[in-house]
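J.: Got model_3.txt for you, compact mmCIF, C-alpha atoms:
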# COMPACT_ATOMS: atom_id res chain seq x y z
CA ALA S 2 0.00 0.00 0.00
CA ALA S 3 1.17 3.51 -0.78
CA VAL S 4 0.87 6.13 1.95
CA ASP S 5 0.55 9.90 1.62
CA GLY S 6 -0.35 12.64 4.11
CA SER S 7 -3.82 14.18 4.12
CA GLU S 8 -6.31 15.82 6.41
CA GLY S 9 -8.47 13.49 8.47
CA THR S 10 -12.06 12.93 7.34
CA ALA S 11 -14.92 10.85 8.58
CA PRO S 12 -14.89 7.29 7.18
CA ALA S 13 -17.52 6.69 4.55
CA HIS S 14 -19.33 4.13 6.72
CA ALA S 15 -19.84 6.76 9.45
CA GLN S 16 -21.56 9.26 7.22
CA GLY S 17 -25.31 9.37 7.67
CA SER S 18 -25.13 7.28 10.86
CA GLY S 19 -26.03 10.16 13.12
CA LEU S 20 -22.63 9.98 14.88
CA THR S 21 -19.93 12.53 14.10
CA VAL S 22 -16.44 11.06 14.11
CA PRO S 23 -13.76 13.37 15.57
CA ARG S 24 -11.66 14.98 12.88
CA ILE S 25 -8.05 14.04 13.47
CA PRO S 26 -5.08 14.23 11.10
CA THR S 27 -4.59 10.81 9.53
CA LEU S 28 -2.66 9.14 6.78
CA SER S 29 -4.53 8.23 3.63
CA ILE S 30 -3.90 4.58 2.75
CA LYS S 31 -4.24 3.62 -0.90
CA ARG S 32 -4.87 -0.04 -1.63
CA ASP S 33 -2.55 -1.85 -3.97
CA THR S 34 -5.12 -4.16 -5.55
CA SER S 35 -2.51 -5.98 -7.56
CA SER S 36 -1.00 -7.65 -4.49
CA SER S 37 -3.87 -8.20 -2.04
CA SER S 38 -7.64 -8.43 -1.88
CA VAL S 39 -7.79 -8.01 1.93
CA PRO S 40 -9.67 -4.83 2.95
CA LEU S 41 -7.48 -2.32 4.73
CA ARG S 42 -8.55 -0.87 8.05
CA SER S 43 -8.41 2.93 8.14
CA LEU S 44 -6.38 4.67 10.82
CA ASP S 45 -9.60 6.39 11.92
CA ASP S 46 -11.07 2.96 12.68
CA GLU S 47 -8.00 1.97 14.69
CA ALA S 48 -8.05 5.22 16.66
CA LEU S 49 -11.69 4.60 17.57
CA ASN S 50 -11.49 0.82 18.26
CA GLN S 51 -13.98 0.29 15.45
CA PRO S 52 -14.17 -3.29 14.12
CA LEU S 53 -13.48 -3.63 10.44
CA GLY S 54 -16.60 -3.35 8.32
CA ARG S 55 -19.02 -2.44 11.11
CA PRO S 56 -20.73 0.92 10.68
CA GLN S 57 -20.85 3.19 13.69
CA SER S 58 -24.30 3.48 15.25
CA LEU S 59 -25.58 4.73 18.60
CA GLY S 60 -28.59 2.45 18.14
CA ALA S 61 -26.38 -0.66 18.06
CA TRP S 62 -25.95 -0.59 21.84
CA SER S 63 -28.11 -1.20 24.88
CA PHE S 64 -27.48 -1.14 28.64
CA THR S 65 -27.68 -4.07 31.00
CA GLN S 66 -26.90 -4.82 34.63
CA ASP S 67 -25.05 -7.92 35.73
CA LYS S 68 -27.26 -9.71 38.25
CA VAL S 69 -24.27 -11.07 40.17
CA THR S 70 -21.97 -8.05 40.46
CA GLY S 71 -24.52 -5.28 40.00
CA HIS S 72 -22.21 -3.60 37.48
CA HIS S 73 -23.68 -1.91 34.42
CA PHE S 74 -22.51 -2.65 30.89
CA VAL S 75 -23.01 -1.23 27.43
CA GLN S 76 -23.74 -4.26 25.26
CA SER S 77 -24.07 -4.94 21.57
CA LYS S 78 -27.63 -5.70 20.50
CA VAL S 79 -26.25 -8.21 18.00
CA ASP S 80 -23.68 -10.02 20.15
CA PRO S 81 -24.35 -10.12 23.94
CA ASN S 82 -20.73 -11.15 24.51
CA ASP S 83 -19.57 -7.86 22.99
CA ARG S 84 -19.96 -5.66 26.09
CA TYR S 85 -17.98 -3.14 28.10
CA GLN S 86 -18.31 -2.22 31.75
CA ALA S 87 -19.60 1.31 32.06
CA PRO S 88 -17.14 3.50 34.01
CA ASP S 89 -18.59 4.27 37.44
CA GLY S 90 -21.56 2.12 36.46
CA SER S 91 -21.82 0.53 39.88
CA ASN S 92 -21.91 3.75 41.93
CA TRP S 93 -25.13 5.75 41.88
CA VAL S 94 -26.27 8.91 43.64
CA HIS S 95 -30.05 9.08 43.39
CA GLY S 96 -30.10 7.45 39.97
CA VAL S 97 -27.11 9.26 38.46
CA ALA S 98 -23.77 7.49 37.88
CA HIS S 99 -20.93 9.06 39.88
CA PRO S 100 -17.22 8.37 40.40
CA PRO S 101 -16.61 5.86 43.21
CA PHE S 102 -15.33 8.53 45.61
CA ILE S 103 -18.72 10.34 45.70
CA LYS S 104 -21.12 8.38 47.88
CA GLU S 105 -24.88 8.76 48.13
CA HIS S 106 -24.94 8.69 51.94
CA ASN S 107 -22.40 11.53 52.13
CA TRP S 108 -24.41 13.54 49.57
CA ASP S 109 -27.53 13.03 51.69
CA ALA S 110 -25.66 14.25 54.79
CA LEU S 111 -24.34 17.31 52.94
CA LYS S 112 -27.83 18.15 51.68
CA ALA S 113 -29.27 17.82 55.19
CA GLU S 114 -26.62 20.19 56.55
CA MET S 115 -27.29 22.64 53.73
CA LEU S 116 -30.99 22.69 54.61
CA LYS S 117 -29.97 23.60 58.16
CA GLY S 118 -28.09 26.56 56.71
CA THR S 119 -24.66 25.24 57.65
CA THR S 120 -23.00 24.49 54.29
CA SER S 121 -24.06 27.33 51.98
CA ARG S 122 -23.65 31.05 52.47
CA PRO S 123 -24.21 34.25 50.48
CA GLY S 124 -21.18 35.01 48.33
CA ASP S 125 -20.34 31.40 47.51
CA ILE S 126 -19.31 31.06 43.86
CA HIS S 127 -20.26 27.76 42.23
CA VAL S 128 -18.44 26.69 39.07
CA VAL S 129 -20.85 24.26 37.39
CA THR S 130 -19.95 22.13 34.38
CA PHE S 131 -20.54 18.76 32.79
CA PRO S 132 -17.25 16.79 32.98
CA LYS S 133 -14.61 17.66 30.37
CA CYS S 134 -16.18 21.03 29.62
CA GLY S 135 -13.55 23.45 30.89
CA THR S 136 -13.99 23.12 34.65
CA THR S 137 -10.38 23.70 35.73
CA PHE S 138 -9.90 26.48 33.17
CA THR S 139 -12.99 28.31 34.45
CA GLU S 140 -11.89 27.86 38.07
CA GLN S 141 -8.51 29.37 37.20
CA ILE S 142 -10.19 32.45 35.71
CA VAL S 143 -12.49 32.89 38.73
CA LEU S 144 -9.66 32.47 41.24
CA LEU S 145 -7.42 34.90 39.37
CA LEU S 146 -10.21 37.49 39.38
CA LEU S 147 -10.62 37.04 43.12
CA ASN S 148 -6.86 37.39 43.70
CA GLY S 149 -6.18 40.47 41.60
CA GLY S 150 -4.69 38.45 38.76
CA ASP S 151 -1.79 37.23 40.92
CA PRO S 152 -0.89 33.68 39.79
CA SER S 153 1.47 33.16 42.73
CA SER S 154 -1.55 32.88 45.01
CA LEU S 155 -2.80 29.78 43.16
CA ASN S 156 -1.65 26.19 42.86
CA PRO S 157 -2.43 24.91 39.35
CA LYS S 158 -0.32 21.77 39.90
CA ARG S 159 -3.04 20.66 42.31
CA GLN S 160 -5.80 21.93 40.02
CA ASN S 161 -6.17 24.87 42.43
CA SER S 162 -7.73 22.65 45.08
CA TYR S 163 -8.04 24.17 48.54
CA SER S 164 -5.64 22.62 51.05
CA LYS S 165 -5.70 22.76 54.83
CA ALA S 166 -1.91 22.69 54.69
CA ALA S 167 -1.80 26.01 52.80
CA PRO S 168 -5.08 27.85 53.49
CA GLU S 169 -3.52 31.20 52.59
CA ARG S 170 -3.41 30.11 48.93
CA GLY S 171 -7.15 29.68 48.74
CA GLY S 172 -8.49 27.42 46.02
CA LYS S 173 -11.66 25.66 45.02
CA VAL S 174 -13.52 22.92 46.89
CA TRP S 175 -15.29 20.03 45.18
CA VAL S 176 -17.74 19.56 48.04
CA GLU S 177 -19.25 16.20 47.06
CA ASN S 178 -15.75 14.74 46.71
CA THR S 179 -13.84 16.51 49.48
CA VAL S 180 -16.11 17.35 52.43
CA ARG S 181 -16.99 14.57 54.86
CA VAL S 182 -19.87 15.19 57.26
CA HIS S 183 -19.17 12.18 59.48
CA ALA S 184 -15.75 11.38 60.91
CA ARG S 185 -16.18 7.68 60.14
CA ASP S 186 -16.21 8.52 56.42
CA LEU S 187 -12.75 10.07 56.72
CA GLU S 188 -11.48 6.76 58.06
CA LEU S 189 -12.79 4.96 54.97
CA ASP S 190 -10.66 7.09 52.64
CA PRO S 191 -7.25 5.69 51.62
CA PRO S 192 -4.54 7.00 54.01
CA GLY S 193 -2.79 8.90 51.24
CA ARG S 194 -5.94 10.86 50.44
CA ARG S 195 -7.21 11.68 53.91
CA MET S 196 -5.07 14.80 54.08
CA ASP S 197 -6.99 16.19 51.09
CA LYS S 198 -10.39 15.74 52.75
CA LEU S 199 -12.21 18.36 54.80
CA THR S 200 -14.56 18.05 57.72
CA LEU S 201 -17.67 20.19 57.77
CA GLU S 202 -15.91 22.46 60.27
CA ASP S 203 -12.91 22.82 57.92
CA PHE S 204 -15.21 23.76 55.05
CA ASN S 205 -17.15 26.31 57.08
CA ALA S 206 -13.89 27.90 58.24
CA ILE S 207 -12.88 28.85 54.68
CA PRO S 208 -13.33 32.64 54.32
CA SER S 209 -15.75 34.08 51.80
CA PRO S 210 -16.00 34.12 48.90
CA ARG S 211 -15.56 30.36 48.60
CA VAL S 212 -15.15 28.83 45.13
CA ILE S 213 -17.06 25.57 44.85
CA LYS S 214 -16.86 23.09 41.99
CA THR S 215 -19.58 20.66 40.95
CA HIS S 216 -20.55 18.40 38.06
CA ALA S 217 -23.97 17.75 39.62
CA PRO S 218 -27.09 17.95 37.46
CA ARG S 219 -29.67 20.55 38.46
CA ASP S 220 -31.70 18.21 40.66
CA LEU S 221 -28.57 17.17 42.62
CA PHE S 222 -27.16 20.68 43.00
CA LEU S 223 -26.56 21.09 46.72
CA ALA S 224 -27.20 24.82 47.02
CA THR S 225 -30.97 24.71 46.53
CA LEU S 226 -33.98 25.07 48.79
CA PRO S 227 -37.25 23.11 48.74
CA CYS S 228 -40.00 24.50 46.55
CA SER S 229 -42.56 26.57 48.40
CA PRO S 230 -45.35 25.66 48.48
CA PRO S 231 -44.28 21.97 48.28
CA SER S 232 -46.93 21.29 45.65
CA LEU S 233 -44.73 23.07 43.09
CA SER S 234 -42.20 20.24 43.26
CA ALA S 235 -44.82 17.91 41.78
CA SER S 236 -44.79 20.06 38.63
CA SER S 237 -41.08 19.33 38.08
CA ARG S 238 -40.26 22.96 38.76
CA PRO S 239 -36.55 23.28 39.70
CA GLU S 240 -35.84 24.00 43.34
CA PRO S 241 -34.79 27.63 43.90
CA LEU S 242 -31.15 28.49 44.53
CA VAL S 243 -29.96 29.54 47.96
CA PRO S 244 -30.20 33.37 48.05
CA GLY S 245 -26.97 35.27 47.57
CA ILE S 246 -24.90 32.60 45.84
CA LYS S 247 -23.37 33.04 42.39
CA VAL S 248 -23.26 30.38 39.69
CA VAL S 249 -20.78 30.33 36.79
CA TYR S 250 -21.93 27.75 34.25
CA CYS S 251 -19.47 26.64 31.57
CA SER S 252 -20.60 24.49 28.64
CA ARG S 253 -18.80 22.99 25.66
CA GLN S 254 -19.66 21.62 22.25
CA ALA S 255 -20.97 18.16 23.12
CA LYS S 256 -19.07 16.45 20.30
CA ASP S 257 -15.77 17.77 21.65
CA ALA S 258 -16.66 16.83 25.23
CA VAL S 259 -17.45 13.21 24.38
CA VAL S 260 -14.16 12.82 22.49
CA SER S 261 -12.22 14.36 25.38
CA ALA S 262 -13.89 11.98 27.83
CA TYR S 263 -13.00 9.05 25.55
CA TYR S 264 -9.32 9.60 26.36
CA HIS S 265 -9.68 10.73 30.01
CA ALA S 266 -9.44 9.14 33.48
CA LYS S 267 -10.38 5.46 33.16
CA ASN S 268 -9.83 6.03 29.45
CA PRO S 269 -12.55 4.12 27.57
CA HIS S 270 -10.27 4.12 24.52
CA LYS S 271 -7.59 2.10 26.31
CA LEU S 272 -10.28 -0.13 27.80
CA GLY S 273 -11.23 -1.11 24.26
CA PHE S 274 -14.56 0.69 23.92
CA PRO S 275 -15.55 1.23 20.29
CA PHE S 276 -16.24 4.94 19.98
CA ASP S 277 -19.94 4.50 19.23
CA ALA S 278 -20.34 2.31 22.34
CA TRP S 279 -18.68 5.01 24.42
CA ALA S 280 -20.77 7.78 22.85
CA ALA S 281 -23.95 5.86 23.71
CA THR S 282 -22.70 5.45 27.29
CA TRP S 283 -21.75 9.11 27.58
CA MET S 284 -25.11 10.29 26.26
CA SER S 285 -26.88 8.15 28.85
CA GLY S 286 -25.53 10.45 31.58
Just give me the structure of the file as structure tokens.
T.:
Amino acid sequence: AAVDGSEGTAPAHAQGSGLTVPRIPTLSIKRDTSSSSVPLRSLDDEALNQPLGRPQSLGAWSFTQDKVTGHHFVQSKVDPNDRYQAPDGSNWVHGVAHPPFIKEHNWDALKAEMLKGTTSRPGDIHVVTFPKCGTTFTEQIVLLLLNGGDPSSLNPKRQNSYSKAAPERGGKVWVENTVRVHARDLELDPPGRRMDKLTLEDFNAIPSPRVIKTHAPRDLFLATLPCSPPSLSASSRPEPLVPGIKVVYCSRQAKDAVVSAYYHAKNPHKLGFPFDAWAATWMSG
């Protein structure tokens, strides 16, 4: 086969499938039909773990739960053995998949404290994003604005996370991940990570304005109050925000976000997920 450089394009089998393939620079492979009749696999297919000859389709996948382990899988509708364990698919907070370090019982305790008026205060700044949508970048901008543009007051190597060891540097707090309401929950954290966790007293001692990160959907956003009268909640009306807080919401083109997530953290790409299987998983929330 002869090889020449060209701009990346979507494979022909992906066009019209309803799924946009990320545009990445590739090499164009030209078949030498005189020496072989074996179809060549495009580099786009290899980059996306796409089996040779199978068109990409969001509709080719369904979700199932293993009755023994309780884990959730994205599974081919054609071949039940072709399945992939959904990242964080065994940890749920009120019906929404979360990373394993965010537990439903701790969320419930945080929400109860918030309703008592002990975890939210006027002036709190909440940076709200869907994962892989510019969270850390937005936090950096907010923290620089609060610190007169002085970068020496921040700690980007730690993603600007607030630390009890250096409270003078400030930083953001991912409450659902970092704050532990009950002391026994601190003991459950790995020893190397306990120093990064905060008690409720630690969190309340941070001076205003506090910068708070969250990936929570609207109905799991901690800084809300019950609808009044309660009958309004039956109409699916969102709960009102706590008075005096500020919310900075950052969004991103969904196609870019799903590709970024494909190569992030547990890395579905390295786990072998075909891209369309991952896209179906990602769109499920």
J.: Have a look at S:Asp277, S:Leu223, S:Thr282, S:Ala266 and name the one nearest to Ala61 (chain S); count all atoms listed in the file.
T.: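 Closest to Ala61 (chain S), using all atoms listed in the file: S:Asp277.
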J.: In Å, with one decimal, what is the gap from CA of Gly60 (chain S) to CA of Pro101 (chain S)?
T.: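 CA of Gly60 (chain S) sits 28.0 Å away from CA of Pro101 (chain S).
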J.: Closest to Pro218 (chain S) among S:Ser252, S:Thr130, S:Thr119, S:Gln66, using only C-alpha atoms?
T.: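 Closest candidate: S:Thr130.
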J.: List the spatial neighbours of Pro208 (chain S) as a short mmCIF file (atom, residue, chain, number, x, y, z; two decimals) with C-alpha atoms, in the coordinates of the input - criterion: any atom at most 12 Å away, all atoms listed in the file, same-chain residues fewer than 6 positions off excluded.
T.:
data_model
loop_
_atom_site.label_atom_id
_atom_site.label_comp_id
_atom_site.auth_asym_id
_atom_site.auth_seq_id
_atom_site.Cartn_x
_atom_site.Cartn_y
_atom_site.Cartn_z
CA ARG S 122 -23.65 31.05 52.47
CA PRO S 123 -24.21 34.25 50.48
CA GLY S 124 -21.18 35.01 48.33
CA ASP S 125 -20.34 31.40 47.51
CA TYR S 163 -8.04 24.17 48.54
CA PRO S 168 -5.08 27.85 53.49
CA GLU S 169 -3.52 31.20 52.59
CA ARG S 170 -3.41 30.11 48.93
CA GLY S 171 -7.15 29.68 48.74
CA GLY S 172 -8.49 27.42 46.02
CA LYS S 173 -11.66 25.66 45.02
#
J.: List as a list in words the protein and nucleic acid residues near Asn50 (chain S), meaning an atom at most 12 Å away when all atoms listed in the file are counted, but skip any in the same chain fewer than 6 places from it.
T.: Arg42, Ser43, Leu44, Pro56, Gln57, Tyr263, Pro269, His270, Lys271, Leu272, Gly273, Phe274, Pro275, Phe276, Asp277, Ala278 and Trp279 of chain S
J.: Can you pull out every residue within 12 Å of Ile246 (chain S), counting all atoms listed in the file, but drop anything in the same chain fewer than 6 positions away, and send it as a VMD selection string?
T.: chain S and resid 120 to 128 209 to 213 223 to 225
J.: To one decimal place, how far is CA of Ser164 (chain S) from CA of Asp197 (chain S) in Å?
T.: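 Separating CA of Ser164 (chain S) from CA of Asp197 (chain S) is a distance of 6.6 Å.
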J.: Quick check, in Å to one decimal: how far apart do CA of His95 (chain S) and CA of Val75 (chain S) lie?
T.: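 Here the two named atoms are 20.3 Å from each other.
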J.: Would you mind telling me which residue in S:Pro227, S:Gly54, S:Pro152, S:Gly245 lies nearest to Lys112 (chain S) when using only C-alpha atoms?
T.: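 Checking each of S:Pro227, S:Gly54, S:Pro152, S:Gly245 against Lys112 (chain S), counting only C-alpha atoms, the winner is S:Pro227.
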J.: Find the spatial neighbours of region 134-141 of chain S, counting all atoms listed in the file, within a cut-off of 10 Å - ignore same-chain residues fewer than 4 positions away - and output them as an MDAnalysis selection string.
T.: chainID S and resid 126:130 145:147 150 152 155:157 160:162 172:173 212:216 249:255 257:259 261:262
J.: Here is a test: counting only C-alpha atoms, which residue of S:Asp151, S:Met284, S:Arg238, S:Asn178 is nearest to Pro100 (chain S)?
T.: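 Smallest separation from Pro100 (chain S) among the options: S:Asn178.
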J.: Using only C-alpha atoms, determine which residues lie at most 7 Å from Arg84 (chain S), disregarding the query and same-chain residues fewer than 4 positions distant; provide the list as a short mmCIF file (atom, residue, chain, number, x, y, z; two decimals) with C-alpha atoms, keeping the file's coordinate frame.
T.:
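File produced: part.cif:
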data_model
loop_
_atom_site.label_atom_id
_atom_site.label_comp_id
_atom_site.auth_asym_id
_atom_site.auth_seq_id
_atom_site.Cartn_x
_atom_site.Cartn_y
_atom_site.Cartn_z
CA PHE S 74 -22.51 -2.65 30.89
CA VAL S 75 -23.01 -1.23 27.43
CA GLN S 76 -23.74 -4.26 25.26
CA SER S 77 -24.07 -4.94 21.57
#
